[in-house]
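Chemist: File name my_file_28.cif; file contents mmCIF, C-alpha atoms and all ligand atoms; full text below.
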```cif
data_structure
#
loop_
_atom_site.label_atom_id
_atom_site.label_comp_id
_atom_site.auth_asym_id
_atom_site.auth_seq_id
_atom_site.Cartn_x
_atom_site.Cartn_y
_atom_site.Cartn_z
CA MET A 1 -24.50 0.74 99.84
CA HIS A 2 -23.91 -2.93 99.09
CA TYR A 3 -21.86 -2.58 95.95
CA GLN A 4 -21.27 -6.31 95.43
CA SER A 5 -24.97 -7.06 95.07
CA ILE A 6 -25.48 -3.99 92.86
CA LEU A 7 -22.73 -5.14 90.47
CA GLU A 8 -24.15 -8.67 90.42
CA SER A 9 -27.61 -7.36 89.56
CA VAL A 10 -26.14 -5.12 86.83
CA ALA A 11 -24.24 -8.10 85.38
CA ALA A 12 -27.41 -10.21 85.40
CA ASP A 13 -29.40 -7.47 83.69
CA VAL A 14 -26.93 -6.87 80.88
CA ALA A 15 -26.42 -10.62 80.25
CA PRO A 16 -28.93 -10.71 77.35
CA MET A 17 -26.93 -7.96 75.57
CA VAL A 18 -23.57 -9.65 75.94
CA GLY A 19 -22.52 -10.99 72.55
CA GLY A 20 -24.23 -8.13 70.72
CA GLY A 21 -22.24 -5.67 68.61
CA ARG A 22 -18.93 -6.47 66.91
CA VAL A 23 -15.41 -6.97 68.16
CA ALA A 24 -12.84 -4.52 66.78
CA ASN A 25 -11.45 -6.37 63.79
CA TYR A 26 -9.37 -3.66 62.14
CA ILE A 27 -6.55 -4.75 64.45
CA PRO A 28 -6.11 -8.39 63.34
CA ALA A 29 -5.00 -9.66 66.76
CA LEU A 30 -8.22 -8.36 68.34
CA ALA A 31 -10.52 -9.92 65.76
CA CYS A 32 -10.46 -13.35 67.42
CA ILE A 33 -11.44 -12.27 70.98
CA PRO A 34 -14.52 -14.28 72.13
CA ILE A 35 -17.37 -11.79 72.22
CA GLN A 36 -19.40 -13.56 74.90
CA GLN A 37 -17.66 -11.99 77.90
CA PHE A 38 -18.63 -9.31 80.42
CA GLY A 39 -17.01 -8.04 83.59
CA ILE A 40 -17.45 -5.11 85.93
CA ALA A 41 -15.45 -3.92 88.95
CA LEU A 42 -15.28 -0.93 91.24
CA HIS A 43 -12.70 0.41 93.66
CA THR A 44 -13.68 3.06 96.18
CA VAL A 45 -11.35 5.77 97.46
CA ASP A 46 -11.56 4.19 100.91
CA GLY A 47 -10.35 0.86 99.56
CA GLN A 48 -13.53 -1.18 99.08
CA GLN A 49 -13.61 -3.46 96.06
CA ALA A 50 -16.43 -5.31 94.35
CA TRP A 51 -16.66 -7.15 91.06
CA ALA A 52 -18.87 -9.42 89.00
CA GLY A 53 -18.64 -11.54 85.86
CA ASP A 54 -15.35 -11.81 83.95
CA ALA A 55 -13.74 -9.00 85.93
CA ARG A 56 -10.45 -10.89 86.24
CA THR A 57 -10.17 -11.82 82.57
CA PRO A 58 -7.30 -9.95 80.88
CA PHE A 59 -8.03 -7.77 77.84
CA SER A 60 -6.31 -5.24 75.62
CA ILE A 61 -6.91 -1.78 77.12
CA GLN A 62 -6.38 0.06 73.80
CA SER A 63 -7.51 3.69 74.09
CA VAL A 64 -7.92 3.51 77.85
CA SER A 65 -4.12 3.80 77.74
CA LYS A 66 -4.59 7.37 76.49
CA VAL A 67 -5.46 8.33 80.08
CA LEU A 68 -2.18 6.78 81.26
CA GLY A 69 -0.29 8.61 78.50
CA LEU A 70 -1.95 11.90 79.42
CA THR A 71 -1.10 11.31 83.09
CA LEU A 72 2.57 10.65 82.29
CA ALA A 73 2.74 13.68 80.00
CA LEU A 74 1.18 15.99 82.59
CA GLN A 75 3.68 14.68 85.14
CA ALA A 76 6.57 15.38 82.78
CA LEU A 77 5.45 18.62 81.15
CA GLY A 78 2.68 20.18 83.22
CA ASN A 79 0.56 22.71 81.37
CA THR A 80 3.02 23.15 78.50
CA LEU A 81 1.48 19.94 77.12
CA TRP A 82 -1.55 21.97 76.07
CA GLU A 83 0.52 24.12 73.68
CA ARG A 84 0.25 21.33 71.10
CA ILE A 85 -3.01 19.63 72.04
CA GLY A 86 -6.47 21.07 72.53
CA ARG A 87 -9.30 19.92 74.77
CA GLU A 88 -12.38 20.28 72.67
CA PRO A 89 -14.56 17.39 71.50
CA SER A 90 -13.76 16.64 67.89
CA GLY A 91 -17.17 15.62 66.55
CA ASN A 92 -15.25 13.34 64.17
CA ALA A 93 -14.14 9.72 64.26
CA PHE A 94 -11.30 8.93 66.68
CA ASN A 95 -8.93 8.29 63.79
CA SER A 96 -10.04 11.14 61.53
CA LEU A 97 -7.61 13.25 59.51
CA LEU A 98 -10.17 15.88 58.60
CA GLN A 99 -9.73 18.56 61.25
CA LEU A 100 -5.94 18.45 61.28
CA GLU A 101 -5.60 20.25 57.98
CA ASN A 102 -7.74 23.22 59.03
CA GLU A 103 -6.25 23.33 62.50
CA GLN A 104 -2.58 23.32 61.46
CA GLY A 105 -1.74 19.93 62.93
CA LYS A 106 -2.97 20.73 66.45
CA PRO A 107 -5.23 17.83 67.47
CA ARG A 108 -8.51 18.70 69.15
CA ASN A 109 -7.88 16.64 72.30
CA PRO A 110 -5.56 13.97 73.77
CA PHE A 111 -8.12 11.16 73.40
CA ILE A 112 -8.47 11.10 69.63
CA ASN A 113 -5.63 9.21 67.96
CA ALA A 114 -4.01 12.38 66.59
CA GLY A 115 -3.84 13.82 70.11
CA ALA A 116 -2.61 10.59 71.67
CA LEU A 117 0.16 10.41 69.05
CA CYS A 118 1.24 13.95 70.02
CA VAL A 119 1.22 12.90 73.67
CA ALA A 120 3.34 9.86 72.78
CA ASP A 121 5.79 12.15 70.95
CA ARG A 122 6.16 14.29 74.07
CA LEU A 123 6.77 11.15 76.13
CA VAL A 124 9.49 9.99 73.72
CA SER A 125 11.19 13.35 74.33
CA ALA A 126 10.68 13.27 78.09
CA HIS A 127 11.72 9.67 78.87
CA ILE A 128 14.78 7.66 77.86
CA GLN A 129 12.61 4.52 77.97
CA PRO A 130 9.05 5.74 77.48
CA ALA A 131 7.43 2.27 77.29
CA GLN A 132 9.08 1.50 80.62
CA ALA A 133 7.45 4.66 82.03
CA PHE A 134 4.04 3.11 81.25
CA ALA A 135 5.09 -0.20 82.84
CA ASP A 136 6.39 1.59 85.94
CA LEU A 137 3.20 3.60 86.29
CA GLY A 138 1.44 0.26 86.88
CA LEU A 139 3.77 -0.35 89.80
CA ARG A 140 2.67 2.89 91.39
CA LEU A 141 -1.03 2.42 90.60
CA HIS A 142 -1.60 -1.23 91.50
CA GLY A 143 1.69 -2.63 92.75
CA LYS A 144 2.77 -4.45 89.57
CA PRO A 145 4.21 -3.16 86.28
CA PHE A 146 1.76 -2.95 83.40
CA VAL A 147 2.45 -5.70 80.86
CA PHE A 148 2.24 -5.45 77.08
CA ASP A 149 0.82 -7.97 74.62
CA ASP A 150 3.57 -7.97 71.97
CA GLU A 151 1.39 -9.78 69.45
CA VAL A 152 -1.33 -7.09 69.64
CA ALA A 153 1.28 -4.32 69.41
CA ARG A 154 2.91 -5.95 66.38
CA SER A 155 -0.44 -6.57 64.72
CA GLU A 156 -1.46 -2.92 65.04
CA ARG A 157 2.00 -1.71 64.05
CA GLU A 158 1.84 -3.69 60.81
CA THR A 159 -1.66 -2.58 59.85
CA GLY A 160 -1.99 0.89 61.40
CA PHE A 161 -1.75 2.84 58.16
CA ARG A 162 -4.14 5.51 59.32
CA ASN A 163 -2.17 6.23 62.49
CA ALA A 164 0.96 6.40 60.31
CA ALA A 165 -0.84 8.89 58.07
CA LEU A 166 -1.96 10.96 61.07
CA ILE A 167 1.48 11.27 62.60
CA ASN A 168 3.20 12.05 59.31
CA PHE A 169 0.59 14.70 58.61
CA ILE A 170 1.08 16.27 62.05
CA LYS A 171 4.83 16.17 61.55
CA SER A 172 4.41 18.13 58.33
CA PHE A 173 3.17 20.98 60.56
CA LYS A 174 6.31 20.55 62.71
CA GLN A 175 4.24 19.48 65.69
CA ILE A 176 6.08 16.14 66.17
CA ASP A 177 9.68 16.32 67.40
CA ASN A 178 10.73 12.69 67.14
CA ASP A 179 11.11 10.02 64.50
CA VAL A 180 7.57 8.94 63.54
CA GLU A 181 8.43 5.21 63.65
CA THR A 182 9.64 5.54 67.25
CA VAL A 183 6.46 7.35 68.27
CA LEU A 184 4.25 4.78 66.50
CA ASP A 185 6.11 1.97 68.28
CA LEU A 186 5.35 3.57 71.63
CA TYR A 187 1.72 4.28 70.76
CA CYS A 188 1.07 0.70 69.65
CA ARG A 189 2.78 -0.66 72.73
CA GLN A 190 0.79 1.47 75.15
CA CYS A 191 -2.47 0.46 73.42
CA ALA A 192 -1.42 -3.19 73.82
CA ILE A 193 -1.23 -3.02 77.63
CA VAL A 194 -3.11 -5.98 79.09
CA SER A 195 -5.22 -5.51 82.20
CA ASP A 196 -8.56 -6.52 83.71
CA CYS A 197 -11.54 -4.74 85.27
CA VAL A 198 -10.37 -5.15 88.87
CA GLN A 199 -6.88 -3.88 88.13
CA LEU A 200 -8.05 -0.91 86.05
CA ALA A 201 -10.64 0.22 88.61
CA ARG A 202 -7.89 0.22 91.23
CA SER A 203 -5.31 1.82 88.95
CA PHE A 204 -7.40 4.86 88.08
CA SER A 205 -8.47 5.54 91.69
CA TYR A 206 -6.31 8.67 91.78
CA LEU A 207 -8.75 10.30 89.37
CA ALA A 208 -11.52 9.93 91.97
CA ASN A 209 -9.27 11.11 94.79
CA ALA A 210 -7.94 14.52 93.68
CA GLY A 211 -4.83 12.99 92.09
CA VAL A 212 -3.67 10.97 95.12
CA GLN A 213 -3.58 7.17 94.79
CA PRO A 214 -5.72 5.99 97.71
CA GLY A 215 -3.84 2.81 98.68
CA THR A 216 -0.40 4.40 98.84
CA GLY A 217 -1.05 8.11 99.42
CA GLU A 218 1.24 8.91 96.49
CA THR A 219 0.45 12.03 94.50
CA ILE A 220 0.08 10.97 90.86
CA LEU A 221 -1.33 14.29 89.62
CA SER A 222 -2.12 17.59 91.30
CA SER A 223 -5.77 17.99 92.21
CA GLU A 224 -6.13 20.56 89.43
CA GLN A 225 -4.62 18.17 86.87
CA ALA A 226 -6.85 15.31 88.03
CA ARG A 227 -9.92 17.54 87.73
CA ARG A 228 -8.89 18.48 84.22
CA VAL A 229 -8.27 14.89 83.13
CA ASN A 230 -11.79 14.10 84.37
CA SER A 231 -13.18 17.05 82.41
CA VAL A 232 -11.54 15.87 79.20
CA MET A 233 -12.79 12.33 79.83
CA LEU A 234 -16.34 13.64 80.23
CA THR A 235 -16.27 15.72 77.06
CA CYS A 236 -13.99 13.61 74.83
CA GLY A 237 -13.52 10.15 76.37
CA THR A 238 -16.09 8.06 74.53
CA TYR A 239 -15.49 8.82 70.85
CA ASP A 240 -18.40 10.48 69.16
CA ALA A 241 -20.86 9.43 71.86
CA ALA A 242 -19.59 11.73 74.64
CA GLY A 243 -22.81 13.77 74.67
CA GLU A 244 -24.91 10.64 74.95
CA PHE A 245 -22.66 9.31 77.74
CA ALA A 246 -22.96 12.59 79.66
CA PHE A 247 -26.72 12.39 79.20
CA LYS A 248 -27.16 8.76 80.23
CA VAL A 249 -24.20 8.02 82.53
CA GLY A 250 -23.08 11.47 83.67
CA LEU A 251 -19.56 10.43 84.63
CA PRO A 252 -16.10 11.06 83.16
CA CYS A 253 -15.44 7.92 81.08
CA LYS A 254 -12.75 6.59 78.76
CA SER A 255 -13.42 3.71 76.43
CA GLY A 256 -11.23 1.58 74.22
CA VAL A 257 -11.89 -0.66 71.23
CA GLY A 258 -10.86 -3.66 73.34
CA GLY A 259 -14.29 -3.18 74.96
CA ALA A 260 -13.34 -1.55 78.27
CA ILE A 261 -14.88 1.59 79.70
CA VAL A 262 -13.40 3.23 82.80
CA ALA A 263 -15.70 5.63 84.68
CA VAL A 264 -14.81 8.00 87.52
CA VAL A 265 -17.17 9.03 90.31
CA PRO A 266 -15.18 11.98 91.72
CA GLY A 267 -14.64 11.73 95.46
CA GLN A 268 -16.02 8.20 95.58
CA MET A 269 -14.79 5.47 93.24
CA VAL A 270 -13.65 4.26 89.84
CA LEU A 271 -15.53 1.63 87.86
CA CYS A 272 -14.35 -0.47 84.95
CA ALA A 273 -16.82 -2.39 82.78
CA TRP A 274 -15.70 -4.59 79.88
CA SER A 275 -17.31 -6.58 77.10
CA PRO A 276 -15.74 -6.91 73.63
CA GLY A 277 -18.85 -6.28 71.50
CA LEU A 278 -18.79 -2.66 70.27
CA ASP A 279 -21.65 -0.53 69.02
CA GLU A 280 -21.41 1.66 65.92
CA THR A 281 -19.70 4.45 67.92
CA GLY A 282 -16.88 2.08 68.98
CA ASN A 283 -18.03 1.83 72.60
CA SER A 284 -18.73 -1.50 74.27
CA MET A 285 -22.49 -2.11 74.13
CA ALA A 286 -22.83 -4.10 77.34
CA ALA A 287 -20.28 -2.04 79.30
CA ARG A 288 -22.06 1.15 78.34
CA ARG A 289 -25.44 -0.21 79.44
CA ALA A 290 -23.92 -1.56 82.67
CA LEU A 291 -22.63 1.88 83.64
CA GLU A 292 -26.00 3.40 82.89
CA LEU A 293 -27.74 0.82 85.10
CA PHE A 294 -25.20 1.32 87.89
CA VAL A 295 -25.76 5.08 87.91
CA THR A 296 -29.53 4.66 87.82
CA ARG A 297 -29.43 2.23 90.75
CA THR A 298 -27.01 4.17 92.94
CA GLY A 299 -27.73 7.78 91.94
CA LEU A 300 -23.94 8.28 91.70
CA SER A 301 -23.22 10.83 88.99
CA VAL A 302 -21.54 14.20 88.78
CA PHE A 303 -24.89 15.78 87.90
N1 LIG A 401 -4.91 1.25 69.05
C1 LIG A 401 -6.19 1.68 68.57
C2 LIG A 401 -6.06 2.60 67.37
O1 LIG A 401 -5.20 3.41 67.33
C3 LIG A 401 -6.91 2.36 69.70
C4 LIG A 401 -8.28 2.74 69.33
C5 LIG A 401 -9.21 2.86 70.47
O2 LIG A 401 -9.23 2.05 71.40
O3 LIG A 401 -9.98 3.82 70.42
O4 LIG A 401 -6.78 2.52 66.44
#
```
Take the structure in this file and express it as structure tokens.
Modeler:
Amino acid sequence: MHYQSILESVAADVAPMVGGGRVANYIPALACIPIQQFGIALHTVDGQQAWAGDARTPFSIQSVSKVLGLTLALQALGNTLWERIGREPSGNAFNSLLQLENEQGKPRNPFINAGALCVADRLVSAHIQPAQAFADLGLRLHGKPFVFDDEVARSERETGFRNAALINFIKSFKQIDNDVETVLDLYCRQCAIVSDCVQLARSFSYLANAGVQPGTGETILSSEQARRVNSVMLTCGTYDAAGEFAFKVGLPCKSGVGGAIVAVVPGQMVLCAWSPGLDETGNSMAARRALELFVTRTGLSVF
């Protein structure tokens, strides 16, 4: 298949949608991102790359970092991670406090904020320098450390009252071991990682390749762990639109409010589409449509 021309046709077809939706403005430093941008890239397990549009423009990866956090936590803790975090879709907003009360401070899954905060807590326990562990993971996934946008991290840290509420609430159930401020610092830093479509498609290739990073042959996760991360992405990776994504895209995906969506075609490739305009579910409008068009044109889907 000629992926370059497919991505170019997808980019051309979504162009009229680019600029639709709203940028995430609850994090002040993200409110000023120009909305009129779109990029898409793919990286196959045998090393082919293709990209179109603004695929080399850096953006804030936000919740896509929850996949990196989950990867680091599975490396450090293996299956014991699941003692404190479930893997069921929440059916609530990504930053909801509602279920935590009934479920004794055990978040539904690692991709809602409550779950990602628990993952961050485990990483604070497991690593002397947990933010450095994220940076170093970049080195192993694409040859350079991940970098953080300090301004975005600071902006979210100063205004993230709901995340502060979530973690304090979870701590009241004794499900957080560390100082909440330290965990919030890490969480805001990981969300403020800066990357682009080309780099992210390459970085997440291990998820399409049974846990082994294709370029280097390094085992990042066991094949069972990689399969499970993909399962949680499929069922919980796109906020409250996971059912609709499974229906229309049919791939494990993780989105972030910076406008990126990473999608895994197991055994074949990873895609990353990005455009800052979000729909009412918090997913990028143009990126979501681009993935749908790509799947329709190529027939690549897990179903
Ligand atoms: N840092 C953001 C938050 O906690 C991430 C949200 C997202 O991308 O889903 O609100």
Chemist: Work out how far apart CA of Ser90 (chain A) and CA of Pro252 (chain A) are and give it in Å to one decimal.
Modeler: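 Result for CA of Ser90 (chain A) versus CA of Pro252 (chain A): 16.4 Å, one decimal.
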Chemist: Give as a list in words the residues surrounding ligand LIG 401 (chain A) up to a distance of 7 Å, considering all atoms listed in the file.
Modeler: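 I would give the residues around ligand LIG 401 (chain A) as Gln62, Ser63, Val64, Phe94, Asn95, Asn113, Glu156, Asn163, Cys188, Cys191, Ser255, Gly256, Val257 and Gly258 of chain A.
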Chemist: How many Å separate CA of Gly39 (chain A) from CA of Asp13 (chain A)?
Modeler: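 These atoms are spaced 12.4 Å apart.
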Chemist: Pick the closest to Gly115 (chain A) from A:Gly237, A:Gly282, A:Gly243, A:Gly86: which is it, counting only C-alpha atoms?
Modeler: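 Nearest to Gly115 (chain A): A:Gly86.
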Chemist: Using all atoms listed in the file, find the one residue out of A:Gly160, A:Gly217, A:Gly105, A:Gly69 that sits nearest to Leu137 (chain A).
Modeler: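 Using all atoms listed in the file, the shortest distance to Leu137 (chain A) belongs to A:Gly69.
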Chemist: CA of Leu117 (chain A) to CA of Asn178 (chain A): how many Å, to one decimal?
Modeler: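 Here the two named atoms are 11.0 Å from each other.
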Chemist: Residues within 12 Å of (-16.9, -14.7, 70.8), file coordinates, counting only C-alpha atoms: what are they? Give the list as a compact mmCIF listing (two decimals) with C-alpha atoms, in the frame of the given file.
Modeler:
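What landed in result-v8.txt:
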```
# COMPACT_ATOMS: atom_id res chain seq x y z
CA VAL A 18 -23.57 -9.65 75.94
CA GLY A 19 -22.52 -10.99 72.55
CA GLY A 20 -24.23 -8.13 70.72
CA GLY A 21 -22.24 -5.67 68.61
CA ARG A 22 -18.93 -6.47 66.91
CA VAL A 23 -15.41 -6.97 68.16
CA ALA A 24 -12.84 -4.52 66.78
CA LEU A 30 -8.22 -8.36 68.34
CA ALA A 31 -10.52 -9.92 65.76
CA CYS A 32 -10.46 -13.35 67.42
CA ILE A 33 -11.44 -12.27 70.98
CA PRO A 34 -14.52 -14.28 72.13
CA ILE A 35 -17.37 -11.79 72.22
CA GLN A 36 -19.40 -13.56 74.90
CA GLN A 37 -17.66 -11.99 77.90
CA PHE A 38 -18.63 -9.31 80.42
CA SER A 275 -17.31 -6.58 77.10
CA PRO A 276 -15.74 -6.91 73.63
CA GLY A 277 -18.85 -6.28 71.50
```
Chemist: Nearest to Glu8 (chain A): which of A:Val262, A:Ala290, A:Val67, A:Ala120 is it, counting only C-alpha atoms?
Modeler: A:Ala290
Chemist: Taking into account all atoms listed in the file, which residue in the set A:Val147, A:Thr216, A:His43, A:Phe111 is nearest to Ala135 (chain A)?
Modeler: A:Val147
Chemist: So that I can check the surroundings of Phe134 (chain A), please list as a ChimeraX atom specification every protein, DNA and RNA residue that reaches within 12 Å of it, counting all atoms listed in the file and ignoring chain neighbours fewer than 6 positions away.
Modeler: /A:65-73,120,123-124,127,140-141,144-148,186-187,189-194
Chemist: Include C-alpha atoms and write out the residues we just selected as a PDB file, in the coordinates of the input.
Modeler:
```pdb
ATOM      1  CA  SER A  65      -4.120   3.800  77.740  1.00  0.00           C
ATOM      2  CA  LYS A  66      -4.590   7.370  76.490  1.00  0.00           C
ATOM      3  CA  VAL A  67      -5.460   8.330  80.080  1.00  0.00           C
ATOM      4  CA  LEU A  68      -2.180   6.780  81.260  1.00  0.00           C
ATOM      5  CA  GLY A  69      -0.290   8.610  78.500  1.00  0.00           C
ATOM      6  CA  LEU A  70      -1.950  11.900  79.420  1.00  0.00           C
ATOM      7  CA  THR A  71      -1.100  11.310  83.090  1.00  0.00           C
ATOM      8  CA  LEU A  72       2.570  10.650  82.290  1.00  0.00           C
ATOM      9  CA  ALA A  73       2.740  13.680  80.000  1.00  0.00           C
ATOM     10  CA  ALA A 120       3.340   9.860  72.780  1.00  0.00           C
ATOM     11  CA  LEU A 123       6.770  11.150  76.130  1.00  0.00           C
ATOM     12  CA  VAL A 124       9.490   9.990  73.720  1.00  0.00           C
ATOM     13  CA  HIS A 127      11.720   9.670  78.870  1.00  0.00           C
ATOM     14  CA  ARG A 140       2.670   2.890  91.390  1.00  0.00           C
ATOM     15  CA  LEU A 141      -1.030   2.420  90.600  1.00  0.00           C
ATOM     16  CA  LYS A 144       2.770  -4.450  89.570  1.00  0.00           C
ATOM     17  CA  PRO A 145       4.210  -3.160  86.280  1.00  0.00           C
ATOM     18  CA  PHE A 146       1.760  -2.950  83.400  1.00  0.00           C
ATOM     19  CA  VAL A 147       2.450  -5.700  80.860  1.00  0.00           C
ATOM     20  CA  PHE A 148       2.240  -5.450  77.080  1.00  0.00           C
ATOM     21  CA  LEU A 186       5.350   3.570  71.630  1.00  0.00           C
ATOM     22  CA  TYR A 187       1.720   4.280  70.760  1.00  0.00           C
ATOM     23  CA  ARG A 189       2.780  -0.660  72.730  1.00  0.00           C
ATOM     24  CA  GLN A 190       0.790   1.470  75.150  1.00  0.00           C
ATOM     25  CA  CYS A 191      -2.470   0.460  73.420  1.00  0.00           C
ATOM     26  CA  ALA A 192      -1.420  -3.190  73.820  1.00  0.00           C
ATOM     27  CA  ILE A 193      -1.230  -3.020  77.630  1.00  0.00           C
ATOM     28  CA  VAL A 194      -3.110  -5.980  79.090  1.00  0.00           C
TER      29      VAL A 194
END
```
Chemist: Can you list, as a count of residues only, every protein, DNA or RNA residue that comes within 6 Å of Cys197 (chain A) when you count all atoms listed in the file, leaving out same-chain residues fewer than 4 positions away?
Modeler: 4
Chemist: Mind working out the centre and edge lengths of an axis-aligned box for region 74-92 of chain A, all listed atoms inside, 5 Å added to each side, rounded to one decimal in Å and written as JSON?
Modeler:
```
{"center_x": -5.3, "center_y": 18.7, "center_z": 74.7, "size_x": 33.7, "size_y": 20.8, "size_z": 31.0}
```
Chemist: Would you mind telling me which residue in A:Val229, A:Leu98, A:Leu200, A:Leu166 lies nearest to Ala260 (chain A) when using only C-alpha atoms?
Modeler: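 Checking each candidate against Ala260 (chain A), we get A:Leu200 as the closest.
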Chemist: Would you mind telling me which residue in A:Ala76, A:Val232, A:Ile261, A:Leu300 lies nearest to Arg108 (chain A) when using only C-alpha atoms?
Modeler: A:Val232
Chemist: Please list as number ranges by chain every residue within 10 Å of Gln49 (chain A), counting only C-alpha atoms and excluding residues in the same chain fewer than 4 positions away.
Modeler: A: 3-4, 41-45, 198, 201-202, 269-271
